[in-house]
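Heads up: the structure comes next, in structure tokens.
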Protein chains: 2
Amino acid sequence: MPEGELPWRTIRLTVAYDGTDFHGWMYLPGIRTVQGVLQEAVGKVIPGETVRLVGSSRTDAGVHAVGQVAAFWTRSQIPAEVFPRAINAYLPEDVRVIQAQEASPTFHPIQDAVRKRYRYLLHDGAYPEIFYRRYVWRLGKSSSRLDVEAMRLAAEYLVGTHDFASFENVGSPRKDTVRTIYSLEVRRGEGLSTEGLPRMGGDDDLISIDVEGNGFLYNMVRNIAGTLMEVGRRKFSPDGMKEVLESKRRAAAGMTAPPQGLFLLWIQMRGEEASSS
Amino acid sequence: MPEGELPWRTIRLTVAYDGTDFHGWMYLPGIRTVQGVLQEAVGKVIPGETVRLVGSSRTDAGVHAVGQVAAFWTRSQIPAEVFPRAINAYLPEDVRVIQAQEASPTFHPIQDAVRKRYRYLLHDGAYPEIFYRRYVWRLGKSSSRLDVEAMRLAAEYLVGTHDFASFENVGSPRKDTVRTIYSLEVRRGEGLSTEGLPRMGGDDDLISIDVEGNGFLYNMVRNIAGTLMEVGRRKFSPDGMKEVLESKRRAAAGMTAPPQGLFLLWIQMRGEEASSS
């Protein structure tokens, strides 16, 4: 490096956001995106530098995150642990930097992501659950209750290393559609009404789908959630999931679940230990 | 009644809303209030009638409700059970009519309210909990954890029939400041992280204060919550609550807790059984 010039540092961020009022992660000029808002806030903390900020997952419009990973590069000498408070001071309240740490010069949020965990929330109760409306896929009063046991049986077919072409939407095709799902858990929520946000319906109106894998194709989690929902409504049998997977045709699977039920829980980076959800 | 004129009917509504984007319950011309929005929607369902709609609790700006009770009077012959769906079709998504039923001609939401239950939510964890930000009083990272056991002991002094003048804000004074609190429960939340909305912090960062009484003075629940918070921070001892109560001076009690942590859970009307929360 030229004399007098400070070295580049890589700062790794953990970022949480409510995706409701964002048009997704990816920067678009003149549009409210998480990357755009975050880049601007970082720019205010390190004035004079052109901020290049990269995120690990390009979440779609309406999708939320608890543990998105991002990085930016800077020559500033601000200690890493100062960044969360400094950046948050310039951020709107629906996005927060949870953590900042010094990363190695070769760290890259996309290339180094080795494992991701998502949650998808569905609601099949009669009451609208006002306080959850931004965060669940509400199936509505008319539908009967989802058969969670059938969804669990169907989910088992997806665990492991498979070609997930049936679950990839057009728009961002990958050369290789083989991915590994380490776990896929379907649960009906309980015990949420006595503590925490008041609920209108019963304790068991929320269904969560938690999925962990080494990577996901475009809309793969939402397509899995939509297909599992259709299994829950008995449109597919649990065994039908095996056929869907083997067909490698998007048309064989169920619908794409809407974005507001999806949360990026955490991302494990190469050389790091897995976070707990 | 004059020949050919249909009789007046009283329709009792149960209403839920997210108070964040409302300037409170009470109608104000040109301002977004729950009563205003609801009155307008009802007017679209029963065109030609001037809608008079009365609510049981005049919740403040930012306060939420799961079970607000309201009534309107109409000569229409629309069956009561049709109203929720019909009214909801004209309502924004942050307010919902949960139930509608025929009430007696003498029914009045204010005069017939015999028991109300509220919840107040506090958060004392280090993480911002993005998805709860509209619904909790966030005490922030700097403060130490609230002493929930001290809060419980202090709360015991408030249960029973007392003069609650110390907990009434100016603005809407009542002649009689004696009220009865039937129960006042302080709990630290648990088990919220595995199902339902993802949490960033630990399972136990949320504290709920549930209070049930025969009626509440202006800002009484928020003043109780604010005072209990100060007990939790050891600014008052639990026994100090007895002195606060007996002083009958607002200045003796703690601060008014902010509105966003407050939920009106349900209202029991004369002749009805109590709802469960």
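In the structure tokens, chains take the letters A, B, ... in the order shown, each chain's residues start at 1, and ligands count up from 1 in the order shown.
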
Requested in this report: DSSP on the backbone, then: every residue of range 28-277 of chain A marked helix (DSSP H, G or I), written as number ranges by chain.
Outcome: A: 34-45, 80-88, 130-132, 148-156, 165-167, 220-232, 240-247, 250-252, 259-261

**Report entry** Residues flagged strand (DSSP E or B) by DSSP in range 151-211 of chain B, as an MDAnalysis selection string
**Finding:** chainID B and resid 160:163 178:188 206:211

Give me the residues near range 254-266 of chain B as an mmCIF file with all heavy atoms, in the first residue's frame, where near means some atom within 7 Å (using only C-alpha atoms) and where sequence neighbours in that chain fewer than 4 positions away do not count.
```
data_model
loop_
_atom_site.group_PDB
_atom_site.id
_atom_site.type_symbol
_atom_site.label_atom_id
_atom_site.label_comp_id
_atom_site.auth_asym_id
_atom_site.auth_seq_id
_atom_site.Cartn_x
_atom_site.Cartn_y
_atom_site.Cartn_z
ATOM 1 N N THR B 20 -50.885 1.781 16.347
ATOM 2 C CA THR B 20 -49.680 2.519 15.930
ATOM 3 C C THR B 20 -49.982 3.704 15.011
ATOM 4 O O THR B 20 -49.469 4.797 15.223
ATOM 5 C CB THR B 20 -48.697 1.571 15.203
ATOM 6 O OG1 THR B 20 -48.522 0.391 15.983
ATOM 7 C CG2 THR B 20 -47.340 2.236 14.992
ATOM 8 N N ALA B 61 -53.843 7.636 21.530
ATOM 9 C CA ALA B 61 -53.032 7.425 20.333
ATOM 10 C C ALA B 61 -51.957 6.376 20.611
ATOM 11 O O ALA B 61 -51.270 6.440 21.639
ATOM 12 C CB ALA B 61 -52.377 8.733 19.906
ATOM 13 N N GLY B 62 -51.830 5.403 19.750
ATOM 14 C CA GLY B 62 -50.781 4.393 19.885
ATOM 15 C C GLY B 62 -51.174 3.165 20.682
ATOM 16 O O GLY B 62 -50.467 2.158 20.656
ATOM 17 N N VAL B 63 -52.303 3.236 21.395
ATOM 18 C CA VAL B 63 -52.752 2.097 22.215
ATOM 19 C C VAL B 63 -53.516 1.115 21.320
ATOM 20 O O VAL B 63 -54.276 1.521 20.444
ATOM 21 C CB VAL B 63 -53.637 2.588 23.385
ATOM 22 C CG1 VAL B 63 -54.247 1.415 24.147
ATOM 23 C CG2 VAL B 63 -52.828 3.493 24.312
ATOM 24 N N HIS B 64 -53.289 -0.175 21.557
ATOM 25 C CA HIS B 64 -53.887 -1.229 20.739
ATOM 26 C C HIS B 64 -55.103 -1.859 21.423
ATOM 27 O O HIS B 64 -55.273 -1.723 22.633
ATOM 28 C CB HIS B 64 -52.859 -2.332 20.487
ATOM 29 C CG HIS B 64 -51.490 -1.824 20.193
ATOM 30 N ND1 HIS B 64 -51.167 -1.245 18.995
ATOM 31 C CD2 HIS B 64 -50.363 -1.767 20.963
ATOM 32 C CE1 HIS B 64 -49.904 -0.865 19.026
ATOM 33 N NE2 HIS B 64 -49.396 -1.175 20.212
ATOM 34 N N ALA B 65 -55.894 -2.569 20.656
ATOM 35 C CA ALA B 65 -57.020 -3.297 21.251
ATOM 36 C C ALA B 65 -57.210 -4.637 20.582
ATOM 37 O O ALA B 65 -57.049 -4.771 19.369
ATOM 38 C CB ALA B 65 -58.296 -2.474 21.147
ATOM 39 N N VAL B 66 -57.541 -5.616 21.397
ATOM 40 C CA VAL B 66 -57.934 -6.932 20.907
ATOM 41 C C VAL B 66 -59.446 -7.050 21.000
ATOM 42 O O VAL B 66 -60.095 -7.645 20.157
ATOM 43 C CB VAL B 66 -57.260 -8.037 21.751
ATOM 44 C CG1 VAL B 66 -57.801 -9.410 21.393
ATOM 45 C CG2 VAL B 66 -55.754 -7.989 21.574
ATOM 46 N N GLY B 67 -60.016 -6.454 22.066
ATOM 47 C CA GLY B 67 -61.447 -6.617 22.315
ATOM 48 C C GLY B 67 -62.134 -5.319 22.737
ATOM 49 O O GLY B 67 -62.829 -5.294 23.749
ATOM 50 N N GLN B 68 -61.947 -4.267 21.965
ATOM 51 C CA GLN B 68 -62.726 -3.043 22.186
ATOM 52 C C GLN B 68 -64.199 -3.374 21.919
ATOM 53 O O GLN B 68 -64.493 -4.203 21.043
ATOM 54 C CB GLN B 68 -62.239 -1.953 21.220
ATOM 55 C CG GLN B 68 -63.105 -0.714 21.119
ATOM 56 C CD GLN B 68 -62.982 0.227 22.319
ATOM 57 O OE1 GLN B 68 -63.501 -0.066 23.407
ATOM 58 N NE2 GLN B 68 -62.298 1.327 22.139
ATOM 59 N N LYS B 116 -62.816 -4.647 32.844
ATOM 60 C CA LYS B 116 -61.913 -4.535 31.691
ATOM 61 C C LYS B 116 -60.576 -5.190 32.012
ATOM 62 O O LYS B 116 -60.149 -5.196 33.168
ATOM 63 C CB LYS B 116 -61.673 -3.059 31.334
ATOM 64 C CG LYS B 116 -62.909 -2.334 30.839
ATOM 65 C CD LYS B 116 -62.642 -0.892 30.483
ATOM 66 C CE LYS B 116 -63.956 -0.248 30.030
ATOM 67 N NZ LYS B 116 -63.804 1.157 29.619
ATOM 68 N N ARG B 117 -59.949 -5.699 30.994
ATOM 69 C CA ARG B 117 -58.620 -6.288 31.177
ATOM 70 C C ARG B 117 -57.653 -5.688 30.151
ATOM 71 O O ARG B 117 -57.962 -5.614 28.961
ATOM 72 C CB ARG B 117 -58.674 -7.813 31.012
ATOM 73 C CG ARG B 117 -57.364 -8.510 31.400
ATOM 74 C CD ARG B 117 -57.504 -10.018 31.316
ATOM 75 N NE ARG B 117 -56.253 -10.708 31.605
ATOM 76 C CZ ARG B 117 -55.907 -11.199 32.795
ATOM 77 N NH1 ARG B 117 -56.727 -11.088 33.819
ATOM 78 N NH2 ARG B 117 -54.746 -11.811 32.964
ATOM 79 N N TYR B 118 -56.499 -5.252 30.643
ATOM 80 C CA TYR B 118 -55.450 -4.672 29.803
ATOM 81 C C TYR B 118 -54.165 -5.473 29.965
ATOM 82 O O TYR B 118 -53.939 -6.106 31.008
ATOM 83 C CB TYR B 118 -55.141 -3.227 30.231
ATOM 84 C CG TYR B 118 -56.178 -2.203 29.840
ATOM 85 C CD1 TYR B 118 -57.245 -1.896 30.679
ATOM 86 C CD2 TYR B 118 -56.064 -1.510 28.641
ATOM 87 C CE1 TYR B 118 -58.186 -0.929 30.322
ATOM 88 C CE2 TYR B 118 -56.991 -0.536 28.276
ATOM 89 C CZ TYR B 118 -58.062 -0.256 29.122
ATOM 90 O OH TYR B 118 -58.972 0.696 28.773
ATOM 91 N N ARG B 119 -53.330 -5.398 28.946
ATOM 92 C CA ARG B 119 -51.954 -5.922 29.065
ATOM 93 C C ARG B 119 -50.978 -4.806 28.711
ATOM 94 O O ARG B 119 -51.206 -4.030 27.791
ATOM 95 C CB ARG B 119 -51.741 -7.093 28.108
ATOM 96 C CG ARG B 119 -50.260 -7.551 28.039
ATOM 97 C CD ARG B 119 -50.104 -8.862 27.308
ATOM 98 N NE ARG B 119 -50.877 -9.889 27.994
ATOM 99 C CZ ARG B 119 -51.127 -11.087 27.489
ATOM 100 N NH1 ARG B 119 -50.671 -11.420 26.303
ATOM 101 N NH2 ARG B 119 -51.845 -11.958 28.179
ATOM 102 N N TYR B 120 -49.899 -4.755 29.467
ATOM 103 C CA TYR B 120 -48.824 -3.837 29.112
ATOM 104 C C TYR B 120 -47.551 -4.654 28.903
ATOM 105 O O TYR B 120 -47.202 -5.494 29.744
ATOM 106 C CB TYR B 120 -48.601 -2.770 30.205
ATOM 107 C CG TYR B 120 -47.781 -1.635 29.642
ATOM 108 C CD1 TYR B 120 -48.389 -0.525 29.085
ATOM 109 C CD2 TYR B 120 -46.395 -1.733 29.570
ATOM 110 C CE1 TYR B 120 -47.635 0.473 28.482
ATOM 111 C CE2 TYR B 120 -45.635 -0.749 28.966
ATOM 112 C CZ TYR B 120 -46.261 0.349 28.423
ATOM 113 O OH TYR B 120 -45.521 1.326 27.813
ATOM 114 N N LEU B 121 -46.846 -4.411 27.785
ATOM 115 C CA LEU B 121 -45.635 -5.185 27.478
ATOM 116 C C LEU B 121 -44.380 -4.320 27.561
ATOM 117 O O LEU B 121 -44.303 -3.261 26.934
ATOM 118 C CB LEU B 121 -45.712 -5.768 26.060
ATOM 119 C CG LEU B 121 -46.579 -6.998 25.806
ATOM 120 C CD1 LEU B 121 -46.409 -7.448 24.346
ATOM 121 C CD2 LEU B 121 -46.225 -8.147 26.743
ATOM 122 N N LEU B 122 -43.410 -4.800 28.315
ATOM 123 C CA LEU B 122 -42.109 -4.139 28.414
ATOM 124 C C LEU B 122 -41.033 -5.068 27.871
ATOM 125 O O LEU B 122 -41.200 -6.291 27.881
ATOM 126 C CB LEU B 122 -41.764 -3.823 29.867
ATOM 127 C CG LEU B 122 -42.716 -2.958 30.655
ATOM 128 C CD1 LEU B 122 -43.495 -3.816 31.642
ATOM 129 C CD2 LEU B 122 -41.960 -1.889 31.408
ATOM 130 N N ARG B 134 -43.404 -2.117 17.483
ATOM 131 C CA ARG B 134 -44.631 -1.329 17.557
ATOM 132 C C ARG B 134 -45.457 -1.690 18.786
ATOM 133 O O ARG B 134 -46.475 -1.057 19.044
ATOM 134 C CB ARG B 134 -45.488 -1.568 16.310
ATOM 135 C CG ARG B 134 -44.817 -1.151 15.004
ATOM 136 C CD ARG B 134 -45.346 -1.913 13.791
ATOM 137 N NE ARG B 134 -46.730 -1.661 13.493
ATOM 138 C CZ ARG B 134 -47.154 -0.825 12.534
ATOM 139 N NH1 ARG B 134 -46.278 -0.169 11.803
ATOM 140 N NH2 ARG B 134 -48.428 -0.658 12.312
ATOM 141 N N TYR B 135 -45.031 -2.710 19.537
ATOM 142 C CA TYR B 135 -45.907 -3.290 20.546
ATOM 143 C C TYR B 135 -45.315 -3.398 21.945
ATOM 144 O O TYR B 135 -45.919 -4.031 22.815
ATOM 145 C CB TYR B 135 -46.358 -4.688 20.088
ATOM 146 C CG TYR B 135 -46.918 -4.699 18.683
ATOM 147 C CD1 TYR B 135 -46.335 -5.443 17.667
ATOM 148 C CD2 TYR B 135 -48.041 -3.928 18.377
ATOM 149 C CE1 TYR B 135 -46.852 -5.438 16.379
ATOM 150 C CE2 TYR B 135 -48.563 -3.914 17.096
ATOM 151 C CZ TYR B 135 -47.962 -4.673 16.098
ATOM 152 O OH TYR B 135 -48.467 -4.663 14.831
ATOM 153 N N VAL B 136 -44.148 -2.855 22.160
ATOM 154 C CA VAL B 136 -43.544 -2.938 23.492
ATOM 155 C C VAL B 136 -42.922 -1.595 23.875
ATOM 156 O O VAL B 136 -42.602 -0.767 23.017
ATOM 157 C CB VAL B 136 -42.420 -4.010 23.580
ATOM 158 C CG1 VAL B 136 -42.957 -5.405 23.300
ATOM 159 C CG2 VAL B 136 -41.249 -3.679 22.659
ATOM 160 N N TRP B 137 -42.753 -1.437 25.183
ATOM 161 C CA TRP B 137 -41.959 -0.332 25.697
ATOM 162 C C TRP B 137 -40.542 -0.875 25.832
ATOM 163 O O TRP B 137 -40.279 -1.711 26.689
ATOM 164 C CB TRP B 137 -42.501 0.113 27.047
ATOM 165 C CG TRP B 137 -41.749 1.270 27.663
ATOM 166 C CD1 TRP B 137 -40.844 2.086 27.056
ATOM 167 C CD2 TRP B 137 -41.874 1.730 29.010
ATOM 168 N NE1 TRP B 137 -40.397 3.027 27.944
ATOM 169 C CE2 TRP B 137 -41.004 2.834 29.155
ATOM 170 C CE3 TRP B 137 -42.630 1.310 30.103
ATOM 171 C CZ2 TRP B 137 -40.871 3.522 30.359
ATOM 172 C CZ3 TRP B 137 -42.500 1.994 31.296
ATOM 173 C CH2 TRP B 137 -41.630 3.092 31.413
ATOM 174 N N ARG B 222 -51.273 2.903 32.269
ATOM 175 C CA ARG B 222 -49.922 3.325 31.892
ATOM 176 C C ARG B 222 -49.154 3.896 33.082
ATOM 177 O O ARG B 222 -47.926 3.769 33.152
ATOM 178 C CB ARG B 222 -49.989 4.324 30.736
ATOM 179 C CG ARG B 222 -50.365 3.633 29.413
ATOM 180 C CD ARG B 222 -50.783 4.611 28.342
ATOM 181 N NE ARG B 222 -49.750 5.591 28.083
ATOM 182 C CZ ARG B 222 -49.933 6.678 27.320
ATOM 183 N NH1 ARG B 222 -51.104 6.891 26.749
ATOM 184 N NH2 ARG B 222 -48.950 7.514 27.118
ATOM 185 N N ASN B 223 -49.865 4.522 34.022
ATOM 186 C CA ASN B 223 -49.175 5.027 35.219
ATOM 187 C C ASN B 223 -48.786 3.887 36.159
ATOM 188 O O ASN B 223 -47.730 3.925 36.790
ATOM 189 C CB ASN B 223 -50.045 6.060 35.930
ATOM 190 C CG ASN B 223 -50.157 7.351 35.127
ATOM 191 O OD1 ASN B 223 -49.263 7.670 34.337
ATOM 192 N ND2 ASN B 223 -51.246 8.073 35.297
ATOM 193 N N ALA B 225 -48.100 0.860 35.053
ATOM 194 C CA ALA B 225 -46.972 0.218 34.359
ATOM 195 C C ALA B 225 -45.678 1.010 34.564
ATOM 196 O O ALA B 225 -44.614 0.446 34.830
ATOM 197 C CB ALA B 225 -47.275 0.059 32.867
ATOM 198 N N GLY B 226 -45.769 2.326 34.456
ATOM 199 C CA GLY B 226 -44.583 3.172 34.629
ATOM 200 C C GLY B 226 -44.027 3.091 36.046
ATOM 201 O O GLY B 226 -42.806 3.056 36.255
ATOM 202 N N THR B 227 -44.927 3.029 37.020
ATOM 203 C CA THR B 227 -44.490 2.950 38.414
ATOM 204 C C THR B 227 -43.896 1.569 38.700
ATOM 205 O O THR B 227 -42.852 1.451 39.366
ATOM 206 C CB THR B 227 -45.676 3.247 39.356
ATOM 207 O OG1 THR B 227 -46.280 4.487 38.954
ATOM 208 C CG2 THR B 227 -45.215 3.369 40.800
ATOM 209 N N GLU B 230 -40.441 1.392 37.475
ATOM 210 C CA GLU B 230 -39.476 2.043 38.366
ATOM 211 C C GLU B 230 -39.198 1.192 39.614
ATOM 212 O O GLU B 230 -38.084 1.205 40.139
ATOM 213 C CB GLU B 230 -39.949 3.457 38.712
ATOM 214 C CG GLU B 230 -39.958 4.355 37.462
ATOM 215 C CD GLU B 230 -40.283 5.825 37.735
ATOM 216 O OE1 GLU B 230 -40.276 6.244 38.910
ATOM 217 O OE2 GLU B 230 -40.552 6.555 36.757
ATOM 218 N N SER B 275 -64.859 -12.665 29.268
ATOM 219 C CA SER B 275 -64.106 -13.340 28.217
ATOM 220 C C SER B 275 -62.816 -13.856 28.813
ATOM 221 O O SER B 275 -62.378 -13.390 29.860
ATOM 222 C CB SER B 275 -63.759 -12.357 27.105
ATOM 223 O OG SER B 275 -64.888 -11.602 26.751
ATOM 224 N N SER B 277 -58.741 -14.154 28.210
ATOM 225 C CA SER B 277 -57.781 -13.339 27.450
ATOM 226 C C SER B 277 -57.045 -14.200 26.453
ATOM 227 O O SER B 277 -56.972 -15.399 26.586
ATOM 228 C CB SER B 277 -56.783 -12.683 28.385
ATOM 229 O OG SER B 277 -56.083 -13.665 29.099
#
```

Query - Test item: chain A residues at most 10 Å from chain B, counting only C-alpha atoms, as a ChimeraX atom specification - result: /A:16-19,64-67,93-99,118-122,126-136,187-201,205-210,261,263-265,277

Query raised in the report: So which residues touch Ala155 in chain A within 10 Å, counting only C-alpha atoms, skipping near sequence neighbours fewer than 6 positions away, as a ChimeraX atom specification?
Result: /A:149,183-186,209,211,224-225,227-228,231,238-239,241-242

Same residues, N, CA and C atoms, saved as an mmCIF file, in the first residue's frame:
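The result, written out as result.cif:
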```cif
data_model
loop_
_atom_site.group_PDB
_atom_site.id
_atom_site.type_symbol
_atom_site.label_atom_id
_atom_site.label_comp_id
_atom_site.auth_asym_id
_atom_site.auth_seq_id
_atom_site.Cartn_x
_atom_site.Cartn_y
_atom_site.Cartn_z
ATOM 1 N N GLU A 149 -49.559 -33.002 10.428
ATOM 2 C CA GLU A 149 -48.903 -34.312 10.387
ATOM 3 C C GLU A 149 -48.578 -34.706 8.935
ATOM 4 N N SER A 183 -32.417 -29.796 7.677
ATOM 5 C CA SER A 183 -33.606 -30.054 8.507
ATOM 6 C C SER A 183 -34.772 -29.226 7.991
ATOM 7 N N LEU A 184 -35.965 -29.772 8.170
ATOM 8 C CA LEU A 184 -37.187 -29.101 7.721
ATOM 9 C C LEU A 184 -38.272 -29.481 8.723
ATOM 10 N N GLU A 185 -38.588 -28.549 9.623
ATOM 11 C CA GLU A 185 -39.492 -28.852 10.734
ATOM 12 C C GLU A 185 -40.805 -28.091 10.581
ATOM 13 N N VAL A 186 -41.906 -28.808 10.719
ATOM 14 C CA VAL A 186 -43.236 -28.181 10.671
ATOM 15 C C VAL A 186 -43.864 -28.330 12.054
ATOM 16 N N ILE A 209 -42.719 -23.255 9.704
ATOM 17 C CA ILE A 209 -41.900 -24.174 8.907
ATOM 18 C C ILE A 209 -40.474 -23.652 9.009
ATOM 19 N N VAL A 211 -36.551 -24.230 8.056
ATOM 20 C CA VAL A 211 -35.751 -25.007 7.110
ATOM 21 C C VAL A 211 -34.298 -24.529 7.138
ATOM 22 N N ILE A 224 -41.400 -24.239 -1.247
ATOM 23 C CA ILE A 224 -41.563 -25.370 -0.318
ATOM 24 C C ILE A 224 -42.741 -25.081 0.622
ATOM 25 N N ALA A 225 -42.802 -23.853 1.146
ATOM 26 C CA ALA A 225 -43.895 -23.496 2.056
ATOM 27 C C ALA A 225 -45.249 -23.599 1.356
ATOM 28 N N THR A 227 -46.019 -25.442 -1.241
ATOM 29 C CA THR A 227 -46.336 -26.837 -1.540
ATOM 30 C C THR A 227 -46.752 -27.570 -0.270
ATOM 31 N N LEU A 228 -46.043 -27.308 0.841
ATOM 32 C CA LEU A 228 -46.425 -27.932 2.113
ATOM 33 C C LEU A 228 -47.826 -27.475 2.530
ATOM 34 N N VAL A 231 -50.200 -29.563 0.745
ATOM 35 C CA VAL A 231 -50.259 -30.890 1.370
ATOM 36 C C VAL A 231 -51.146 -30.799 2.617
ATOM 37 N N PRO A 238 -48.836 -36.663 1.185
ATOM 38 C CA PRO A 238 -47.426 -36.559 1.571
ATOM 39 C C PRO A 238 -46.503 -37.254 0.566
ATOM 40 N N ASP A 239 -46.909 -38.407 0.068
ATOM 41 C CA ASP A 239 -46.085 -39.121 -0.914
ATOM 42 C C ASP A 239 -45.968 -38.353 -2.222
ATOM 43 N N MET A 241 -45.149 -35.462 -2.546
ATOM 44 C CA MET A 241 -43.968 -34.604 -2.479
ATOM 45 C C MET A 241 -42.777 -35.264 -3.153
ATOM 46 N N LYS A 242 -42.695 -36.576 -3.022
ATOM 47 C CA LYS A 242 -41.619 -37.324 -3.660
ATOM 48 C C LYS A 242 -41.698 -37.180 -5.187
#
```

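Each of B:Glu81, B:Glu102, B:Asp176, B:Asp60 was checked against Thr10 in chain B using only C-alpha atoms; the smallest atom-to-atom distance is that of B:Glu102.
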
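Each of A:Ser144, A:Ser57, A:Gln35, A:Ser166 was compared to Arg249 in chain A using only C-alpha atoms, and A:Ser166 turns out to be the nearest.
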
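Restricting the calculation to only C-alpha atoms, the smallest distance between Val34 in chain B and any of B:Trp73, B:Leu158, B:Pro79, B:Leu91 is found for B:Leu91.
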
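CA of Met151 in chain A to CA of Asp204 in chain A spans 15.6 Å [interatomic distance, one decimal].
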
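Picture a line from CA of Ala80 in chain A to CA of Thr59 in chain A; it runs 25.2 Å.
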
Report summary line: Atom pair CA of Ala86 in chain A + CA of Leu38 in chain A, distance 11.8 Å

Report task. Fewer than 5 positions away in the same chain doesn't count, so skip those; otherwise give me all residues within 10 Å of Tyr90 in chain B, counting only C-alpha atoms, as an MDAnalysis selection string. Result -> chainID B and resid 37:38 40:45 85 96

Would you put the residues from that selection into a file with C-alpha atoms, as a PDB file, in the first residue's frame?
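So result05.pdb came out as:
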```
ATOM      1  CA  VAL B  37     -62.466   5.030  10.280  1.00  0.00           C
ATOM      2  CA  LEU B  38     -64.998   2.584  11.719  1.00  0.00           C
ATOM      3  CA  GLU B  40     -67.105   5.677   7.859  1.00  0.00           C
ATOM      4  CA  ALA B  41     -66.958   1.953   7.052  1.00  0.00           C
ATOM      5  CA  VAL B  42     -70.260   1.268   8.820  1.00  0.00           C
ATOM      6  CA  GLY B  43     -71.771   4.163   6.848  1.00  0.00           C
ATOM      7  CA  LYS B  44     -70.859   2.404   3.617  1.00  0.00           C
ATOM      8  CA  VAL B  45     -72.618  -0.762   4.778  1.00  0.00           C
ATOM      9  CA  ARG B  85     -67.437  -9.263   6.831  1.00  0.00           C
ATOM     10  CA  ARG B  96     -60.954  -5.423  12.162  1.00  0.00           C
TER      11      ARG B  96
END
```
